[in-house]
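Peer 1: Pasting a structure here, questions to come.
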Amino acid sequence: MDYPVSLPPSTTTCLSFKVHRRQPELVTPAKPTPRELKPLSDIDDQQGLRFQIPVIFFYRPNLTSNLDPVQVVRRALAQTLVYYYPFAGRLREGLNRKLSVDCTGEGVLFIEADADVTLAKLEEADALLPPFPCLEELLFDVEGSSELLNTPLLLVQVTRLKCSGFIFALRFNHTMTDGAGLSLFLKSLCELACGLHAPSLPPAWERQLLIASESARVTHTHREYDDKMEPEAVVVGDFLVSRSFFFGPEEISAIRGLLPADLHNTTFEAMTSFLWRCRTIALSPDPNTEMRMTCIVNSRSKLSNPPIPSGYYGNVFAIPVAIATAKDLMEKPLEFPLRLIQEAKKSVTEDYIRSMTALMATRGRPMFVAAGNYIVSDLRHFDLGKVDFGPWGKPVYGGTAKAGIAVFPGVSFYVPFKSRKGVSGTVVAISLPVQAMEKFVEELDGVLHVHRRKPELVTPAKPTPLELKPLSDIDDQQGLRFQIPFIFFYRPNLTCTLDPVQVIRRALGQTLVYYYPFAGRLWEGPNQKLAVDCTGEGVLFIEADADVTFAELEEADALLPPFPCLEELLFDVEGSSELLNTPLLLVQVTRLKCGGFIFALRINHTMTDGAGLSLFLKSLCELACGLHAPSVPPVWGRQLLIASAYARVTHAHREYDDNVEPEAVVVGDVLVTKSFFFGPDEIAAIGRLLPHGLHSTTFDALTSFLWRCRTVSMSPDPNTEMRMTCIVNSRSKLRNPPIPSGYYGNVFAIPVAIATAKDLMEKPLEFPLRLIQEAKSSVTEDYIRSVTALMATRGRPKFVTAENYIVSDLRRFDIGKVDFGPWGKPVYGGTAKAGIATFPGVSFYVPFKNKKGENGTVVAISLPALAMEKFVEELNGVFMTGSFARSKRTFVLKSKF
């Protein structure tokens with residue numbers, strides 16, 4: 001029969017298709033299997049697991065393969081059931097409601113189906129994340145098959161798509177297995193589908209290991225099974241809706257911004273505490289209501305007497321509960337629920353698990369408390385996203401098919417997922433009443449809302465020359481072909497009636513008269529040579545308003561990178577981030593409701609460096625404050641750094657090594673970014689690590705220290721070659737001819753210091769410091785001329801990023817003095833984030849005055865989460881504060897949720 005499926009209006013694209021299913025069949029083990037009665041464990045057969053869980057996997061087509069996925073999966077399923085033969089049996093219930101599997105070999109349900117839709121259409125309609133509007137067609141509920149007893153323990157449906165992709169869906173009885181156990185079953189299924197003769201890890205039943213002995217006693221207070229609580233969850237509101245939310249590196253970084261920087265926490269703990277609080281706020285319970293957060297803790301590693309076999313596929317988890325009043329959850333800092341969750345997880349020990357089995361055996365296998373509860377199951381470590389049947393590769397999505405379990409909607413599963421932008425993160429499906437869902441989304445959007453007007457082009461205030469101006473050979477190297485964002489925060493001036501948007505827009509038009517190449521567009525000629533076509537088309541300008549005060553941003557520690565709301569304060573106009581034929585400058589001015597404002601800009605790095613940008617911004621401020629012309633006239637003069645036909649490469653430029661992998665490989669989970677403040681006390685502490693009398697600048701000391709700490713945190717192989725690249729402003733090095741004072745192009749070198757990880761981590765700090773000093777001293781006029789020759793003759797190579805840490809010192813460029821008049825200097829003025837383009841291994845040194853009035857340097861660092869924890873530990877070990885990194889924020893990235 002044909003079953004029409006229509007996706008509802010909530011999806012991005014309206015889509016209808018038909019599913020044709022054949023009659024369900026039973027797939028039995030490919031060989032005879034033992035006929036026996038196998039009792040489940042006391043964890044398996046608790047009341048809270050007596051339901052079915054659906055999972056689903058979407059596969060792209062492989063047009064070079066003529067294999068039929070239905071046949072592949074059906075055949076592998078029969079072979080797998082030889083080893084996992086209890087799945088081919090039926091559940092029976094005995095005394096004290098004890099469940100056992102009658103290993104009858106009757107088989108599991110299998111459905112073959114075809115859908116007249118392509119994976120591309122499903123993807124276009126956003127139908128590859130839960131809730132799947134067509135789930136009941138892609139995983140058909142055969143009548144009577146969802147009962148607990150005397151029914152198949154597994155239901156599988158394979159649906160071919162007309163593009164040759166397919167969907168693999170299955171539903172399993174939770175009493176038989178958990179996420180880790182299902183992962184073992186699916187791994188075996190894939191291995192047999194791919195030609196192995198037996199699973200690489202033989203399955204182990206061994207349920208007697210978790211059956212309570214007659215002498216077992218309940219030794220813990222298991223509040224997750226409180227018998228005084230109403231067993232059913234009551235959700236107030238109209239009908240339920242489900243939505244999926246993606247948490248990538250930026251979202252996790254934003255959540256961590258709500259926590260004290262020195263508070264050790266995992267991604268799971270940070271995300272779960274955040275969702276618990278947001279969900280509580282969304283449900284608007286009575287403030288005195290007891291709210292619960294239940295973590296499903298995989299407990300295999302907790303059991304050692306005896307240990308759980310590696311092939312064990314039964315349920316081995318605990319469900320410790322964190323409890324707090326709604327009032328405390330909604331009003332206290334995020335640290336409060338996070339610590340409750342940490343304490344709950346920590347409570348799970350071997351004795352705790354044994355106590356739980358005793359509770360099940362002696363108290364009638366109770367149901368967990370559902371009232372006021374939110375349950376989270378983390379599936380990210382169970383390889384569900386790697387279920388690979390061969391030619392079709394890994395699934396686009398692989399995980400649970402919906403939020404909630406059975407009749408209780410208050411469950412979320414954490415599923416690994418890669419977004420369309422290629423960002424790896426976690427998908428979380430949430431079910432809530434309609435009004436609560438609206439409020440939940442608002443909470444995730446955060447308190448910072450920005451209203452933007454349409455982007456406009458600001459052109460020079462007067463006619464400017466129309467000409468083609470080549471960039472220098474320093475400007476147009478491959479490593480500078482990206483945009484770099486800056487941001488400046490200004491306090492209100494309550495005596496001022498001027499509008500900062502109008503002031504800056506007008507001054508920008510005037511400044512472009514003098515810096516008219518910025519109003520043009522880049523053009524690429526032979527040998528990748530870039531030039532500016534001075535068309536006078538203008539730069540992008542965005543006017544915006546945010547319903548937040550400067551004081552709220554400051555209180556939330558949201559005035560240092562990473563700025564969780566950056567994409568709202570510096571909006572990426574579609575197409576504007578390309579290199580060629582797009583505006584060379586993007587400016588956004590955002591008024592705050594207190595009268596303060598935020599000035600943000602994004603600049604094409606091929607046009608200028610820190611010193612050049614400082615000249616541009618100084619001119620912009622001077623014209624905003626009433627001057628008729630810049631005090632330092634701008635100079636183009638790029639021919640000064642274009643290699644002559646006779647130029648030769650005279651130095652060994654290891655920064656551009658062509659025998660090293662050009663892309664950086666970052667090992668670990670998602671990246672996190674933190675800002676660190678180095679004031680007089682911190683610099684003095686670093687100085688104490690160096691020999692007395694050793695001459696060094698603050699830059700040398702700080703940079704050598706950060707290079708070593710960063711290396712330690714990344715835990716590389718000891719023989720790995722590690723790099724430290726210093727960006728050296730080279731204007732003073734050039735004498736023949738000299739660089740004019742108004743020159744605003746790129747004039748820097750990037751000499752590299754190189755050492756093995758072992759030497760960096762074990763030798764005294766003097767060792768990396770002297771390497772850095774040697775690298776800096778290598779930059780001479782001849783060195784710069786050699787760089788220009790290298791660019792012109794070797795295809796403008798990109799600097800090496802592998803195992804590299806790059807530092808750019810902006811402290812001497814007056815970036816923190818960008819003063820538009822009545823509002824004074826910015827509280828923070830500098831780069832808007834760590835890293836450049838797709839390479840996170842860059843830090844900028846930005847001058848900053850902390851809340852204590854101390855002048856120092858802010859450094860933003862991006863690292864994998866585990867490496868960041870180790871990095872902070874390294875810093876704390878030297879500074880002995882225990883809380884070196886910045887504290888908390890209360891602003892959440894809006895547009896990502």
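Ligands are numbered from 1 in the order shown, chains are lettered A, B, ... in the order of the structure tokens, and residues start at 1 in each chain.
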May I have all residues of range 588-765 of chain A that DSSP, computed from the backbone, assigns to strand (DSSP E), given as a PyMOL selection string?
Peer 2: chain A and resi 588-592+597-604+671-678+721-729+748-749+752-756
Peer 1: Write out as a VMD selection string which residues come within 12 Å of Pro738 in chain A when counting only C-alpha atoms, dropping same-chain ones fewer than 5 positions away.
Peer 2: chain A and resid 637 640 to 641 730 to 733 743 747 781
Peer 1: Mind writing the picked residues with all heavy atoms as a short mmCIF file (atom, residue, chain, number, x, y, z; two decimals), in the first residue's frame?
Peer 2:
data_model
loop_
_atom_site.label_atom_id
_atom_site.label_comp_id
_atom_site.auth_asym_id
_atom_site.auth_seq_id
_atom_site.Cartn_x
_atom_site.Cartn_y
_atom_site.Cartn_z
N GLY A 637 51.54 54.18 -1.39
CA GLY A 637 52.95 53.80 -1.49
C GLY A 637 53.24 52.31 -1.50
O GLY A 637 54.33 51.88 -1.10
N LEU A 640 56.56 50.39 -2.56
CA LEU A 640 57.74 50.28 -1.71
C LEU A 640 58.00 48.84 -1.27
O LEU A 640 59.12 48.48 -0.91
CB LEU A 640 57.59 51.17 -0.47
CG LEU A 640 57.50 52.68 -0.73
CD1 LEU A 640 57.20 53.41 0.56
CD2 LEU A 640 58.80 53.19 -1.35
N LEU A 641 56.95 48.03 -1.26
CA LEU A 641 57.07 46.65 -0.82
C LEU A 641 56.61 45.67 -1.90
O LEU A 641 56.06 44.61 -1.63
CB LEU A 641 56.29 46.43 0.47
CG LEU A 641 56.92 47.11 1.71
CD1 LEU A 641 55.97 47.05 2.90
CD2 LEU A 641 58.24 46.45 2.05
N SER A 730 57.41 46.00 11.22
CA SER A 730 58.75 46.17 10.64
C SER A 730 58.96 47.55 10.03
O SER A 730 59.91 47.76 9.28
CB SER A 730 58.99 45.08 9.58
OG SER A 730 58.76 43.80 10.12
N ARG A 731 58.10 48.50 10.35
CA ARG A 731 58.24 49.84 9.77
C ARG A 731 59.61 50.45 10.07
O ARG A 731 60.26 51.05 9.21
CB ARG A 731 57.13 50.74 10.27
CG ARG A 731 55.79 50.47 9.58
CD ARG A 731 54.60 51.03 10.36
NE ARG A 731 53.38 51.00 9.55
CZ ARG A 731 52.67 49.89 9.33
NH1 ARG A 731 53.07 48.75 9.85
NH2 ARG A 731 51.58 49.95 8.58
N SER A 732 60.07 50.29 11.32
CA SER A 732 61.34 50.90 11.71
C SER A 732 62.54 50.19 11.09
O SER A 732 63.66 50.73 11.13
CB SER A 732 61.47 50.91 13.23
OG SER A 732 61.50 49.57 13.72
N LYS A 733 62.34 48.99 10.55
CA LYS A 733 63.45 48.23 9.98
C LYS A 733 63.84 48.73 8.60
O LYS A 733 64.94 48.45 8.12
CB LYS A 733 63.10 46.74 9.89
CG LYS A 733 62.53 46.12 11.16
CD LYS A 733 63.59 45.87 12.19
CE LYS A 733 63.01 45.15 13.39
NZ LYS A 733 64.04 44.93 14.44
N TYR A 743 51.77 55.63 5.97
CA TYR A 743 51.58 54.38 5.23
C TYR A 743 50.68 53.43 6.02
O TYR A 743 50.95 53.13 7.18
CB TYR A 743 52.94 53.73 5.00
CG TYR A 743 52.91 52.49 4.11
CD1 TYR A 743 53.12 52.59 2.73
CD2 TYR A 743 52.70 51.23 4.64
CE1 TYR A 743 53.12 51.46 1.92
CE2 TYR A 743 52.68 50.09 3.85
CZ TYR A 743 52.89 50.22 2.48
OH TYR A 743 52.89 49.11 1.68
N VAL A 747 52.96 46.04 6.99
CA VAL A 747 54.42 46.10 7.06
C VAL A 747 54.85 45.27 8.27
O VAL A 747 55.11 45.81 9.35
CB VAL A 747 54.96 47.53 7.19
CG1 VAL A 747 56.48 47.53 6.97
CG2 VAL A 747 54.29 48.48 6.22
N GLU A 781 66.04 44.65 7.38
CA GLU A 781 65.54 45.15 6.11
C GLU A 781 65.70 44.10 5.02
O GLU A 781 64.79 43.87 4.22
CB GLU A 781 66.28 46.44 5.72
CG GLU A 781 65.79 46.99 4.37
CD GLU A 781 65.99 48.48 4.23
OE1 GLU A 781 66.72 49.07 5.04
OE2 GLU A 781 65.38 49.06 3.31
#
Peer 1: Which residue, A:Val458, A:Ile683, A:Ala652, A:Val101, has the smallest gap to Leu37 in chain A when you use only C-alpha atoms?
Peer 2: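 Closest to Leu37 in chain A, using only C-alpha atoms: A:Val101.
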Peer 1: Could you tell me which of A:Phe482, A:Trp707, A:Trp392, A:Tyr828 comes closest to Gly841 in chain A if we count only C-alpha atoms?
Peer 2: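 That would be A:Trp707, the residue with the smallest distance to Gly841 in chain A.
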Peer 1: Contacts of range 536-550 of chain A at 6 Å or less, counting only C-alpha atoms, minus same-chain residues fewer than 4 places along, as a ChimeraX atom specification?
Peer 2: /A:449-453,455-459,519-520,583,585-594
Peer 1: Store the residues picked out above in a file with N, CA, C and O atoms, as a tab-separated table (two decimals), in the first residue's frame.
Peer 2:
chain	number	residue	atom	x	y	z
A	449	HIS	N	18.87	41.46	22.64
A	449	HIS	CA	18.15	41.47	21.38
A	449	HIS	C	18.61	42.68	20.57
A	449	HIS	O	18.64	43.80	21.08
A	450	VAL	N	18.96	42.46	19.34
A	450	VAL	CA	19.47	43.53	18.50
A	450	VAL	C	18.52	43.74	17.32
A	450	VAL	O	18.16	42.77	16.64
A	451	HIS	N	18.11	44.97	17.14
A	451	HIS	CA	17.29	45.33	15.97
A	451	HIS	C	18.19	46.04	14.98
A	451	HIS	O	18.75	47.10	15.29
A	452	ARG	N	18.33	45.48	13.81
A	452	ARG	CA	19.20	46.05	12.79
A	452	ARG	C	18.38	46.62	11.65
A	452	ARG	O	17.39	46.02	11.23
A	453	ARG	N	18.83	47.75	11.16
A	453	ARG	CA	18.27	48.24	9.90
A	453	ARG	C	19.02	47.58	8.75
A	453	ARG	O	20.06	46.97	8.94
A	455	PRO	N	21.47	46.87	5.82
A	455	PRO	CA	22.81	47.39	5.54
A	455	PRO	C	22.77	48.41	4.39
A	455	PRO	O	21.96	48.31	3.47
A	456	GLU	N	23.63	49.43	4.49
A	456	GLU	CA	23.71	50.45	3.44
A	456	GLU	C	25.17	50.62	3.05
A	456	GLU	O	26.07	50.17	3.75
A	457	LEU	N	25.39	51.26	1.93
A	457	LEU	CA	26.75	51.58	1.49
A	457	LEU	C	27.04	53.04	1.80
A	457	LEU	O	26.27	53.93	1.40
A	458	VAL	N	28.11	53.29	2.52
A	458	VAL	CA	28.58	54.65	2.77
A	458	VAL	C	29.70	54.93	1.78
A	458	VAL	O	30.70	54.20	1.74
A	459	THR	N	29.53	55.96	0.97
A	459	THR	CA	30.50	56.30	-0.06
A	459	THR	C	31.31	57.53	0.36
A	459	THR	O	30.92	58.24	1.30
A	519	ALA	N	36.95	52.26	-0.29
A	519	ALA	CA	35.63	52.31	-0.93
A	519	ALA	C	35.60	51.54	-2.23
A	519	ALA	O	34.56	51.49	-2.91
A	520	GLY	N	36.72	50.92	-2.61
A	520	GLY	CA	36.78	50.15	-3.84
A	520	GLY	C	36.57	48.66	-3.61
A	520	GLY	O	36.01	48.23	-2.59
A	583	PRO	N	32.72	44.68	-0.48
A	583	PRO	CA	33.22	45.82	0.31
A	583	PRO	C	34.40	45.42	1.18
A	583	PRO	O	34.45	44.31	1.73
A	585	LEU	N	35.35	46.94	3.89
A	585	LEU	CA	35.13	47.33	5.28
A	585	LEU	C	33.65	47.19	5.60
A	585	LEU	O	32.79	47.55	4.80
A	586	LEU	N	33.36	46.61	6.77
A	586	LEU	CA	31.99	46.49	7.27
A	586	LEU	C	31.97	47.14	8.65
A	586	LEU	O	32.77	46.80	9.52
A	587	VAL	N	31.05	48.07	8.84
A	587	VAL	CA	30.94	48.80	10.11
A	587	VAL	C	29.52	48.65	10.65
A	587	VAL	O	28.55	48.76	9.90
A	588	GLN	N	29.41	48.36	11.94
A	588	GLN	CA	28.10	48.36	12.60
A	588	GLN	C	28.20	49.18	13.89
A	588	GLN	O	29.11	48.99	14.69
A	589	VAL	N	27.24	50.10	14.04
A	589	VAL	CA	27.14	50.89	15.27
A	589	VAL	C	25.83	50.52	15.94
A	589	VAL	O	24.75	50.67	15.35
A	590	THR	N	25.91	50.02	17.16
A	590	THR	CA	24.74	49.54	17.89
A	590	THR	C	24.52	50.42	19.12
A	590	THR	O	25.36	50.44	20.03
A	591	ARG	N	23.41	51.15	19.13
A	591	ARG	CA	23.07	51.95	20.30
A	591	ARG	C	22.60	51.05	21.44
A	591	ARG	O	21.88	50.07	21.20
A	592	LEU	N	22.98	51.36	22.66
A	592	LEU	CA	22.47	50.67	23.85
A	592	LEU	C	21.38	51.53	24.47
A	592	LEU	O	21.36	52.76	24.29
A	593	LYS	N	20.48	50.92	25.21
A	593	LYS	CA	19.33	51.68	25.68
A	593	LYS	C	19.68	52.68	26.80
A	593	LYS	O	18.84	53.50	27.16
A	594	CYS	N	20.91	52.62	27.27
A	594	CYS	CA	21.35	53.56	28.30
A	594	CYS	C	21.99	54.80	27.71
A	594	CYS	O	22.30	55.76	28.43
Peer 1: I need the residues of range 283-448 of chain A that end up classed as alpha helix (DSSP H) by DSSP on the backbone, written out as a ChimeraX atom specification.
Peer 2: /A:283,326-331,335-346,350-362,434-445
Peer 1: Quick one: residues within 8 Å of Arg521 in chain A, only C-alpha atoms counted, chain neighbours fewer than 2 positions away excluded, as number ranges by chain?
Peer 2: A: 517-519, 523, 532-535, 537, 580-584
Peer 1: Please save N, CA and C atoms of the selected residues as a tab-separated table (two decimals), in the first residue's frame.
Peer 2:
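What follows is the written file out-v2.tsv:
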chain	number	residue	atom	x	y	z
A	517	PRO	N	40.78	54.13	-1.31
A	517	PRO	CA	40.84	52.72	-1.75
A	517	PRO	C	39.92	51.79	-0.96
A	518	PHE	N	39.62	52.13	0.32
A	518	PHE	CA	38.71	51.30	1.10
A	518	PHE	C	37.31	51.27	0.49
A	519	ALA	N	36.95	52.26	-0.29
A	519	ALA	CA	35.63	52.31	-0.93
A	519	ALA	C	35.60	51.54	-2.23
A	523	TRP	N	40.61	43.15	-6.80
A	523	TRP	CA	40.65	42.48	-8.11
A	523	TRP	C	41.92	41.64	-8.16
A	532	VAL	N	43.53	47.01	-5.92
A	532	VAL	CA	42.26	47.63	-5.54
A	532	VAL	C	41.75	48.43	-6.72
A	533	ASP	N	40.56	48.08	-7.15
A	533	ASP	CA	39.86	48.86	-8.17
A	533	ASP	C	39.11	49.97	-7.43
A	534	CYS	N	39.63	51.18	-7.48
A	534	CYS	CA	39.07	52.30	-6.71
A	534	CYS	C	37.82	52.81	-7.40
A	535	THR	N	36.71	52.14	-7.14
A	535	THR	CA	35.43	52.45	-7.80
A	535	THR	C	34.59	53.45	-7.03
A	537	GLU	N	32.57	52.68	-4.68
A	537	GLU	CA	31.27	52.07	-4.38
A	537	GLU	C	30.90	52.17	-2.90
A	580	LEU	N	37.13	38.87	-3.06
A	580	LEU	CA	37.09	39.72	-4.25
A	580	LEU	C	35.71	40.32	-4.47
A	581	ASN	N	35.70	41.51	-5.05
A	581	ASN	CA	34.47	42.16	-5.51
A	581	ASN	C	33.43	42.35	-4.40
A	582	THR	N	33.88	42.54	-3.17
A	582	THR	CA	32.99	42.83	-2.06
A	582	THR	C	33.55	44.01	-1.28
A	583	PRO	N	32.72	44.68	-0.48
A	583	PRO	CA	33.22	45.82	0.31
A	583	PRO	C	34.40	45.42	1.18
A	584	LEU	N	35.35	46.32	1.30
A	584	LEU	CA	36.59	46.04	2.04
A	584	LEU	C	36.46	46.37	3.52
Peer 1: State, in Å with one decimal place, the distance from CA of Leu384 in chain A to CA of Phe168 in chain A.
Peer 2: 12.1 Å
Peer 1: Could I get the residues of range 78-106 of chain A with an atom no further than 7 Å from an atom of range 139-149 of chain A, each paired with its nearest atom pair and that distance in Å to one decimal, using only C-alpha atoms, sorted by chain and residue number, as a Markdown table?
Peer 2:
| residue | atom | partner | partner_atom | distance |
| --- | --- | --- | --- | --- |
| A:Arg90 | CA | A:Leu149 | CA | 6.7 |
| A:Leu91 | CA | A:Leu149 | CA | 4.9 |
| A:Arg92 | CA | A:Leu149 | CA | 5.8 |
Peer 1: With only C-alpha atoms as the basis for distance, which of A:Val800, A:Leu530, A:Val858, A:Leu689 is at the shortest distance from Leu559 in chain A?
Peer 2: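 Ranked by minimum distance to Leu559 in chain A, first place goes to A:Val858.
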Peer 1: Would you list the contacts of Ala318 in chain A as a list in words, taking every protein, DNA or RNA residue within 8 Å and counting only C-alpha atoms, but skipping same-chain residues closer than 3 positions in sequence?
Peer 2: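 Surrounding residues, per the criterion: Ile296, Val297, Asn298, Ser299, Val348, Ile353 and Met356 of chain A.
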